[in-house]
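For reference, start_18.txt (compact mmCIF, C-alpha atoms):
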```txt
# COMPACT_ATOMS: atom_id res chain seq x y z
CA MET A 1 11.09 -11.51 -4.34
CA ALA A 2 10.03 -8.71 -6.65
CA ASP A 3 6.54 -8.89 -8.13
CA TYR A 4 7.66 -7.08 -11.30
CA ASP A 5 10.94 -6.47 -13.09
CA VAL A 6 10.02 -2.97 -14.26
CA LEU A 7 7.20 -0.55 -13.47
CA CYS A 8 6.84 1.99 -16.28
CA ILE A 9 5.05 5.32 -15.85
CA GLY A 10 4.15 7.50 -18.80
CA ASN A 11 1.73 9.37 -20.99
CA ALA A 12 -0.74 6.81 -22.40
CA ILE A 13 -1.00 7.91 -26.03
CA VAL A 14 -2.45 6.36 -29.17
CA ASP A 15 -0.13 7.10 -32.10
CA ILE A 16 -1.65 7.99 -35.46
CA ILE A 17 1.20 7.51 -37.94
CA ALA A 18 1.36 8.69 -41.54
CA GLN A 19 4.13 9.23 -44.05
CA CYS A 20 4.73 12.68 -45.55
CA ASP A 21 7.34 14.73 -47.39
CA GLU A 22 9.51 17.56 -46.04
CA ALA A 23 7.25 20.17 -47.68
CA PHE A 24 4.29 18.98 -45.59
CA LEU A 25 6.19 19.69 -42.37
CA GLU A 26 7.16 23.14 -43.59
CA THR A 27 3.65 24.03 -44.82
CA ASN A 28 2.12 22.99 -41.49
CA GLY A 29 4.75 24.55 -39.23
CA ILE A 30 5.87 21.22 -37.73
CA ILE A 31 9.31 21.08 -36.08
CA LYS A 32 11.07 18.09 -37.62
CA GLY A 33 12.25 15.35 -35.26
CA ALA A 34 10.69 16.91 -32.16
CA MET A 35 7.69 16.21 -29.94
CA ASN A 36 5.42 19.23 -30.34
CA LEU A 37 2.63 19.69 -27.77
CA ILE A 38 -0.64 20.78 -29.42
CA ASP A 39 -4.20 21.61 -28.36
CA ALA A 40 -7.43 19.87 -29.41
CA ARG A 41 -8.10 22.27 -32.31
CA ARG A 42 -4.62 21.81 -33.79
CA ALA A 43 -5.00 18.02 -33.37
CA GLU A 44 -8.19 18.08 -35.44
CA LEU A 45 -6.59 20.27 -38.13
CA LEU A 46 -3.51 18.04 -38.55
CA TYR A 47 -5.66 14.90 -38.53
CA SER A 48 -7.77 16.34 -41.36
CA ARG A 49 -4.62 16.97 -43.42
CA MET A 50 -3.01 13.56 -42.82
CA GLY A 51 -2.66 10.96 -45.52
CA PRO A 52 -3.53 7.28 -44.91
CA ALA A 53 -2.63 6.51 -41.30
CA ILE A 54 -1.99 3.60 -38.95
CA GLU A 55 -3.31 3.70 -35.37
CA ALA A 56 -0.98 2.09 -32.82
CA SER A 57 -0.85 2.31 -29.04
CA GLY A 58 2.26 4.23 -28.08
CA GLY A 59 3.52 6.61 -25.45
CA SER A 60 7.21 6.36 -24.59
CA ALA A 61 7.09 4.38 -21.33
CA GLY A 62 4.19 2.27 -22.61
CA ASN A 63 6.38 1.19 -25.51
CA THR A 64 9.15 0.30 -23.05
CA ALA A 65 6.74 -1.77 -20.93
CA ALA A 66 5.54 -3.64 -24.04
CA GLY A 67 9.16 -4.30 -25.03
CA ILE A 68 10.07 -5.70 -21.60
CA ALA A 69 7.06 -8.04 -21.74
CA SER A 70 8.10 -9.17 -25.24
CA PHE A 71 11.51 -10.13 -23.83
CA GLY A 72 9.70 -12.30 -21.27
CA GLY A 73 10.07 -9.81 -18.42
CA ARG A 74 7.37 -8.90 -15.90
CA ALA A 75 6.19 -5.34 -16.60
CA ALA A 76 3.58 -3.06 -15.03
CA TYR A 77 2.37 0.34 -16.21
CA PHE A 78 0.76 3.51 -14.82
CA GLY A 79 -0.85 5.80 -17.41
CA LYS A 80 -4.15 7.67 -17.78
CA VAL A 81 -6.64 7.08 -20.58
CA SER A 82 -10.26 8.18 -20.90
CA LYS A 83 -13.27 5.89 -21.05
CA ASP A 84 -13.58 6.23 -24.85
CA HIS A 85 -12.77 4.35 -28.05
CA LEU A 86 -9.04 5.20 -28.11
CA GLY A 87 -8.80 4.46 -24.37
CA GLU A 88 -10.23 0.99 -24.92
CA ILE A 89 -7.76 0.40 -27.78
CA TYR A 90 -4.87 1.45 -25.55
CA ALA A 91 -5.87 -0.69 -22.56
CA HIS A 92 -6.48 -3.72 -24.78
CA ASP A 93 -3.15 -3.39 -26.59
CA ILE A 94 -0.93 -3.03 -23.53
CA ARG A 95 -2.66 -5.86 -21.65
CA ALA A 96 -2.48 -8.09 -24.72
CA GLN A 97 1.31 -7.55 -24.66
CA GLY A 98 1.35 -9.06 -21.15
CA VAL A 99 1.71 -5.81 -19.17
CA ALA A 100 -0.16 -5.29 -15.88
CA PHE A 101 -2.24 -2.14 -16.43
CA ASN A 102 -4.92 -1.18 -13.89
CA THR A 103 -4.94 2.64 -13.85
CA ARG A 104 -8.57 3.73 -13.50
CA PRO A 105 -9.80 5.41 -16.72
CA LEU A 106 -11.12 8.96 -16.72
CA THR A 107 -14.86 9.41 -17.20
CA GLY A 108 -15.78 12.33 -19.47
CA GLU A 109 -13.46 15.02 -20.83
CA PRO A 110 -10.68 15.32 -21.85
CA PRO A 111 -10.44 12.37 -24.27
CA THR A 112 -7.59 9.86 -24.51
CA ALA A 113 -4.32 11.39 -25.71
CA ARG A 114 -3.26 11.01 -29.32
CA SER A 115 -0.09 11.86 -31.22
CA MET A 116 -0.09 12.63 -34.94
CA ILE A 117 3.28 11.31 -36.10
CA PHE A 118 4.57 12.30 -39.54
CA VAL A 119 7.36 10.12 -40.91
CA THR A 120 9.55 11.63 -43.65
CA PRO A 121 11.40 9.52 -46.28
CA ASP A 122 14.58 9.54 -44.13
CA GLY A 123 12.67 7.67 -41.36
CA GLU A 124 12.67 10.66 -39.00
CA ARG A 125 9.47 11.11 -37.01
CA SER A 126 7.91 14.43 -36.04
CA MET A 127 5.36 14.09 -33.24
CA ASN A 128 2.40 16.37 -32.58
CA THR A 129 0.87 15.36 -29.29
CA TYR A 130 -2.46 16.29 -27.72
CA LEU A 131 -2.08 15.15 -24.11
CA GLY A 132 -5.81 14.89 -23.35
CA ALA A 133 -6.47 12.54 -20.42
CA CYS A 134 -2.73 12.19 -19.69
CA VAL A 135 -2.73 15.45 -17.76
CA GLU A 136 -5.08 13.88 -15.21
CA LEU A 137 -2.53 11.30 -14.01
CA GLY A 138 -1.92 12.11 -10.36
CA PRO A 139 -0.90 10.76 -6.94
CA GLU A 140 -4.24 8.94 -6.59
CA ASP A 141 -3.20 6.70 -9.51
CA VAL A 142 -0.09 5.41 -7.72
CA GLU A 143 -0.49 1.74 -6.75
CA PRO A 144 1.83 1.38 -3.72
CA GLU A 145 2.24 -2.39 -3.98
CA LYS A 146 3.51 -2.06 -7.57
CA ALA A 147 5.80 0.85 -6.65
CA ARG A 148 7.36 -1.23 -3.88
CA GLY A 149 7.26 -4.49 -5.80
CA ALA A 150 9.16 -3.60 -8.99
CA LYS A 151 12.95 -3.99 -9.19
CA VAL A 152 13.19 -0.78 -11.23
CA THR A 153 10.66 2.03 -11.75
CA TYR A 154 11.07 3.79 -15.11
CA PHE A 155 9.39 7.04 -16.11
CA GLU A 156 9.55 9.39 -19.08
CA GLY A 157 10.71 13.01 -18.94
CA TYR A 158 7.61 13.95 -20.92
CA LEU A 159 5.67 13.48 -17.66
CA TRP A 160 7.09 16.78 -16.45
CA ASP A 161 4.66 18.57 -18.82
CA PRO A 162 1.43 17.62 -16.97
CA PRO A 163 1.90 19.09 -13.44
CA ARG A 164 0.16 16.50 -11.25
CA ALA A 165 2.19 13.68 -12.79
CA LYS A 166 5.29 15.08 -11.06
CA GLU A 167 3.67 14.41 -7.70
CA ALA A 168 2.84 10.85 -8.76
CA ILE A 169 6.47 10.27 -9.86
CA ARG A 170 7.96 11.62 -6.63
CA GLN A 171 5.54 9.53 -4.55
CA THR A 172 6.35 6.37 -6.55
CA ALA A 173 10.10 7.03 -6.32
CA ALA A 174 9.89 7.43 -2.54
CA LEU A 175 7.98 4.15 -2.19
CA ALA A 176 10.48 2.38 -4.48
CA HIS A 177 13.53 3.65 -2.60
CA GLU A 178 11.98 2.76 0.78
CA ALA A 179 11.69 -0.81 -0.52
CA GLY A 180 15.34 -0.82 -1.65
CA ARG A 181 14.46 -0.55 -5.35
CA GLU A 182 15.91 1.67 -8.09
CA VAL A 183 14.38 4.48 -10.15
CA SER A 184 15.20 5.36 -13.75
CA MET A 185 14.12 7.98 -16.26
CA THR A 186 14.51 8.84 -19.91
CA LEU A 187 15.19 12.47 -20.83
CA SER A 188 12.68 11.94 -23.68
CA ASP A 189 13.42 14.86 -26.01
CA SER A 190 15.93 17.74 -26.25
CA PHE A 191 13.07 20.28 -26.23
CA CYS A 192 11.72 18.61 -23.08
CA VAL A 193 15.21 18.94 -21.54
CA ASP A 194 15.25 22.65 -22.42
CA ARG A 195 11.97 23.12 -20.54
CA TYR A 196 13.00 21.26 -17.37
CA ARG A 197 16.82 21.23 -17.30
CA ASP A 198 17.20 22.34 -13.67
CA GLU A 199 14.54 19.94 -12.42
CA PHE A 200 16.04 16.98 -14.31
CA LEU A 201 19.51 17.73 -12.93
CA ASP A 202 18.05 17.98 -9.42
CA LEU A 203 16.32 14.58 -9.83
CA MET A 204 19.70 13.04 -10.64
CA ARG A 205 21.84 14.91 -8.12
CA SER A 206 19.36 14.41 -5.26
CA GLY A 207 19.34 10.64 -5.84
CA THR A 208 15.63 10.59 -6.77
CA VAL A 209 16.76 8.99 -10.05
CA ASP A 210 19.47 6.32 -10.15
CA ILE A 211 19.57 5.41 -13.87
CA VAL A 212 19.25 7.81 -16.81
CA PHE A 213 18.57 7.06 -20.49
CA ALA A 214 19.28 9.74 -23.08
CA ASN A 215 20.40 10.25 -26.66
CA SER A 216 23.35 12.39 -27.72
CA HIS A 217 21.17 15.46 -28.47
CA GLU A 218 19.43 15.28 -25.09
CA ILE A 219 22.60 14.89 -23.05
CA LYS A 220 24.28 17.83 -24.82
CA SER A 221 21.14 19.92 -24.22
CA LEU A 222 21.12 18.88 -20.54
CA TYR A 223 24.64 20.20 -19.99
CA GLN A 224 24.44 22.99 -22.60
CA THR A 225 27.58 21.88 -24.38
CA PRO A 226 28.32 20.99 -28.03
CA SER A 227 30.76 18.32 -26.81
CA PHE A 228 29.37 14.81 -26.39
CA ASP A 229 32.47 13.72 -24.41
CA GLU A 230 32.13 16.61 -21.99
CA ALA A 231 28.42 15.89 -21.44
CA LEU A 232 29.21 12.20 -20.86
CA GLU A 233 31.75 13.04 -18.16
CA GLN A 234 29.23 15.31 -16.44
CA ILE A 235 26.44 12.73 -16.38
CA ARG A 236 28.94 10.14 -15.08
CA ARG A 237 29.31 12.38 -12.00
CA ASP A 238 25.61 13.21 -11.66
CA CYS A 239 24.00 9.76 -11.58
CA LYS A 240 24.74 6.18 -10.65
CA LEU A 241 24.31 4.78 -14.18
CA ALA A 242 23.64 6.32 -17.60
CA ALA A 243 23.02 4.77 -21.02
CA VAL A 244 23.36 7.19 -23.94
CA THR A 245 22.31 6.22 -27.48
CA ARG A 246 24.00 7.61 -30.60
CA SER A 247 21.84 6.32 -33.50
CA GLU A 248 24.04 4.42 -36.00
CA LYS A 249 27.08 4.91 -33.71
CA GLY A 250 25.53 2.62 -31.10
CA SER A 251 25.51 3.61 -27.44
CA VAL A 252 27.76 4.32 -24.46
CA ILE A 253 27.08 3.18 -20.89
CA VAL A 254 28.82 4.83 -17.93
CA ARG A 255 28.84 3.77 -14.28
CA GLY A 256 31.42 5.29 -11.95
CA GLY A 257 34.79 4.83 -13.63
CA GLU A 258 33.40 2.16 -15.97
CA THR A 259 32.66 2.87 -19.66
CA VAL A 260 31.04 0.29 -21.98
CA THR A 261 30.70 0.96 -25.71
CA ILE A 262 27.90 -0.83 -27.59
CA GLU A 263 27.66 -1.23 -31.36
CA ALA A 264 24.44 -0.51 -33.23
CA THR A 265 22.57 -3.54 -34.58
CA PRO A 266 22.99 -3.69 -38.39
CA ILE A 267 19.72 -3.03 -40.24
CA ARG A 268 18.47 -3.65 -43.77
CA GLU A 269 16.35 -0.50 -44.06
CA LEU A 270 15.51 2.45 -41.82
CA VAL A 271 11.72 2.77 -41.95
CA ASP A 272 10.60 4.73 -38.88
CA THR A 273 12.63 5.82 -35.83
CA THR A 274 9.52 6.00 -33.60
CA GLY A 275 10.15 3.98 -30.44
CA ALA A 276 13.90 3.43 -30.95
CA GLY A 277 14.92 4.91 -27.59
CA ASP A 278 11.95 3.30 -25.84
CA LEU A 279 12.90 -0.16 -27.07
CA TYR A 280 16.57 0.39 -26.27
CA ALA A 281 15.49 1.09 -22.66
CA ALA A 282 13.32 -2.06 -22.72
CA GLY A 283 16.21 -4.31 -23.76
CA PHE A 284 18.63 -2.65 -21.35
CA LEU A 285 16.28 -2.83 -18.35
CA HIS A 286 15.35 -6.43 -19.12
CA GLY A 287 19.01 -7.41 -19.01
CA TYR A 288 19.67 -5.21 -15.96
CA THR A 289 16.81 -6.65 -13.89
CA GLN A 290 18.03 -10.18 -14.73
CA GLY A 291 21.46 -9.28 -13.30
CA ARG A 292 23.27 -9.32 -16.65
CA PRO A 293 26.58 -7.47 -17.27
CA LEU A 294 26.28 -3.94 -18.70
CA LYS A 295 27.60 -5.15 -22.10
CA ASP A 296 24.72 -7.65 -22.36
CA CYS A 297 22.21 -4.99 -21.28
CA GLY A 298 23.42 -2.64 -24.00
CA ASP A 299 23.42 -5.38 -26.64
CA LEU A 300 19.81 -6.29 -25.78
CA GLY A 301 18.84 -2.62 -26.03
CA SER A 302 20.63 -2.27 -29.35
CA LEU A 303 18.88 -5.35 -30.74
CA ALA A 304 15.40 -4.14 -29.76
CA ALA A 305 16.01 -0.63 -31.15
CA GLY A 306 17.41 -2.06 -34.38
CA LEU A 307 14.34 -4.21 -34.90
CA VAL A 308 11.73 -1.51 -34.19
CA ILE A 309 13.21 1.06 -36.60
CA GLN A 310 12.72 -1.39 -39.48
CA GLN A 311 8.91 -1.22 -39.15
CA ILE A 312 6.15 1.37 -38.92
CA GLY A 313 5.00 1.83 -35.32
CA PRO A 314 6.69 1.96 -31.91
CA ARG A 315 6.05 -1.51 -30.50
CA PRO A 316 7.81 -4.71 -31.55
CA ARG A 317 5.93 -7.04 -33.86
CA GLN A 318 8.49 -9.78 -33.34
CA ASN A 319 8.87 -11.78 -30.13
CA LEU A 320 11.95 -10.09 -28.64
CA LYS A 321 12.81 -13.07 -26.45
CA TYR A 322 12.99 -15.28 -29.56
CA GLU A 323 15.01 -12.66 -31.47
CA ALA A 324 17.46 -12.32 -28.58
CA GLU A 325 17.85 -16.08 -28.34
CA GLN A 326 18.53 -16.26 -32.12
CA ALA A 327 21.17 -13.54 -31.71
CA GLY A 328 22.81 -15.50 -28.87
CA LEU A 329 22.00 -12.82 -26.30
CA LEU A 330 19.69 -14.81 -24.00
```

Give the structure from the file, written as structure tokens.
Amino acid sequence: MADYDVLCIGNAIVDIIAQCDEAFLETNGIIKGAMNLIDARRAELLYSRMGPAIEASGGSAGNTAAGIASFGGRAAYFGKVSKDHLGEIYAHDIRAQGVAFNTRPLTGEPPTARSMIFVTPDGERSMNTYLGACVELGPEDVEPEKARGAKVTYFEGYLWDPPRAKEAIRQTAALAHEAGREVSMTLSDSFCVDRYRDEFLDLMRSGTVDIVFANSHEIKSLYQTPSFDEALEQIRRDCKLAAVTRSEKGSVIVRGGETVTIEATPIRELVDTTGAGDLYAAGFLHGYTQGRPLKDCGDLGSLAAGLVIQQIGPRPRQNLKYEAEQAGLL
């Protein structure tokens, strides 16, 4: 028996979210829709220029772990925070969601990571992330019993930015595979893919990663093609299973010769796209670890993504298990 359904590994980040107009992005040199890595000085400058903001625990894989727990799944998380105010907020929030989180906090500098997220009227989010304590996640933070005891380990491509995290991922993946488990990753961001294309392809082709999550921009960046269909055929060959989201067009899941098309969940209003891909992965992996057909997995992912984009913040405020039951999916 597995101790956990999913072990998530990621950058533990507190999101500071504010709304702004397009002119603000231009004036401050912010690349719209991307995750921009910034230093401490830039973080302070942007924070001083922000309008009224909401603080919410985030980080891509942390959001996924919270989503899995909300579905009633058993989730664990590895991520590094510092022993400071934001670190305490982060640890409290993820544990309160029902996620097992025991990574030892860092004492002293650097402080807990934070991401200034600016949301434009079209709901698009532009992230400016100071990684802080995240860069200290390393092999010593791997908990072997959790690595072996989770049905699926899931990590974010963003972890390829801090160097020691790569070692932690490879160590966890080896432990998981030795125990007969599976490993999955999200490509995270098309700019992230540009930075680590060869390494991401090697992770897939070497069998280090079994399941890949991506959106249409990321998959086209991965294979350096303007054709979504061509990129889809390539990823079908490169990994065991891939789920690719396409915003309002839904998603496509490929496994061997199998192709499953999933419709997007209808929404009343697009408020904030932060966390959409993270929650899609949560719904999908919850279904997958319960042995559900790929169509059900995709529908659960679509439901969770559709709910989170109708609110400010990256973690579900609703009980996803209840919402799935109401939608006839559980």

* **Å distance separating CA of Arg164 (chain A) from CA of Tyr196 (chain A), one decimal place** =>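 CA of Tyr196 (chain A) lies at a distance of 15.0 Å from CA of Arg164 (chain A).
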
Any idea what's packed within 12 Å of region 318-323 of chain A, counting all atoms listed in the file, ignoring anything in its chain fewer than 2 positions away? Could you give it as a tab-separated table (two decimals) with C-alpha atoms, keeping the file's coordinate frame?
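Now in result_26.tsv:
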```
chain	number	residue	atom	x	y	z
A	66	ALA	CA	5.54	-3.64	-24.04
A	67	GLY	CA	9.16	-4.30	-25.03
A	68	ILE	CA	10.07	-5.70	-21.60
A	69	ALA	CA	7.06	-8.04	-21.74
A	70	SER	CA	8.10	-9.17	-25.24
A	71	PHE	CA	11.51	-10.13	-23.83
A	72	GLY	CA	9.70	-12.30	-21.27
A	73	GLY	CA	10.07	-9.81	-18.42
A	97	GLN	CA	1.31	-7.55	-24.66
A	279	LEU	CA	12.90	-0.16	-27.07
A	280	TYR	CA	16.57	0.39	-26.27
A	282	ALA	CA	13.32	-2.06	-22.72
A	283	GLY	CA	16.21	-4.31	-23.76
A	286	HIS	CA	15.35	-6.43	-19.12
A	287	GLY	CA	19.01	-7.41	-19.01
A	300	LEU	CA	19.81	-6.29	-25.78
A	301	GLY	CA	18.84	-2.62	-26.03
A	302	SER	CA	20.63	-2.27	-29.35
A	303	LEU	CA	18.88	-5.35	-30.74
A	304	ALA	CA	15.40	-4.14	-29.76
A	305	ALA	CA	16.01	-0.63	-31.15
A	306	GLY	CA	17.41	-2.06	-34.38
A	307	LEU	CA	14.34	-4.21	-34.90
A	308	VAL	CA	11.73	-1.51	-34.19
A	310	GLN	CA	12.72	-1.39	-39.48
A	311	GLN	CA	8.91	-1.22	-39.15
A	314	PRO	CA	6.69	1.96	-31.91
A	315	ARG	CA	6.05	-1.51	-30.50
A	316	PRO	CA	7.81	-4.71	-31.55
A	325	GLU	CA	17.85	-16.08	-28.34
A	326	GLN	CA	18.53	-16.26	-32.12
A	327	ALA	CA	21.17	-13.54	-31.71
A	328	GLY	CA	22.81	-15.50	-28.87
A	329	LEU	CA	22.00	-12.82	-26.30
A	330	LEU	CA	19.69	-14.81	-24.00
```

* Using all atoms listed in the file: which of A:Phe191, A:Phe228, A:Phe118, A:Tyr154 has the shortest distance to Ala281 (chain A) ->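 Counting all atoms listed in the file, the residue closest to Ala281 (chain A) is A:Tyr154.
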
* To do: Using all atoms listed in the file, find the one residue out of A:Ala2, A:Leu201, A:Val252, A:Ile117 that sits nearest to Gln234 (chain A).
  => A:Leu201

* Closest of A:Asp84, A:Glu140, A:Asp202, A:Glu269 to Cys239 (chain A) - atom-to-atom distances counting all atoms listed in the file -> A:Asp202

* Excluding Pro121 (chain A) and residues on its chain fewer than 3 positions from it, collect all residues at most 9 Å away from it, counting all atoms listed in the file, and give them as a ChimeraX atom specification. => /A:19-22,124,271-272

* Asked: Restricting the calculation to all atoms listed in the file, which member of A:Tyr47, A:Phe101, A:Tyr223, A:Tyr158 is positioned closest to Asn11 (chain A)?
  -> A:Tyr158

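Computed from the coordinates, the CA of Val254 (chain A) to CA of Leu232 (chain A) distance equals 7.9 Å.
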
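For the residues A:Val183, A:Ala56, A:Val119, A:Ile253, ranking by smallest atom-to-atom distance to Leu270 (chain A) using all atoms listed in the file places A:Val119 first.
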
* Coordinates-based distance that separates CA of Thr172 (chain A) from CA of Ala243 (chain A) (Å, one decimal) ->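 Distance reported for this atom pair: 22.1 Å.
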
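Comparing A:Asp296, A:Thr259, A:Leu46, A:Thr103 by their smallest distance to Thr27 (chain A), the closest is A:Leu46 (using only C-alpha atoms).
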
* To do: Excluding Gly250 (chain A) and any residue of its chain fewer than 3 positions from it, enumerate the residues within 7 Å of it, using all atoms listed in the file, and give them as a list in words.
  =>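 Near Gly250 (chain A), the qualifying residues are Thr245, Arg246, Ser247, Ile262, Glu263 and Ala264 of chain A.
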
* To do: Just the residues within 7 Å of Gly62 (chain A), please, counting all atoms listed in the file, with nothing from its chain fewer than 5 positions along; format it as a ChimeraX atom specification.
  => /A:8,10,12,77

* **Long-range neighbours of Ile38 (chain A) as a PyMOL selection string, 9 Å cut-off, all atoms listed in the file, 3 positions minimum in chain** => chain A and resi 41-43+128-131

If you keep C-alpha atoms, can you produce a file of those selected residues as a tab-separated table (two decimals), in the frame of the given file?
```
chain	number	residue	atom	x	y	z
A	41	ARG	CA	-8.10	22.27	-32.31
A	42	ARG	CA	-4.62	21.81	-33.79
A	43	ALA	CA	-5.00	18.02	-33.37
A	128	ASN	CA	2.40	16.37	-32.58
A	129	THR	CA	0.87	15.36	-29.29
A	130	TYR	CA	-2.46	16.29	-27.72
A	131	LEU	CA	-2.08	15.15	-24.11
```
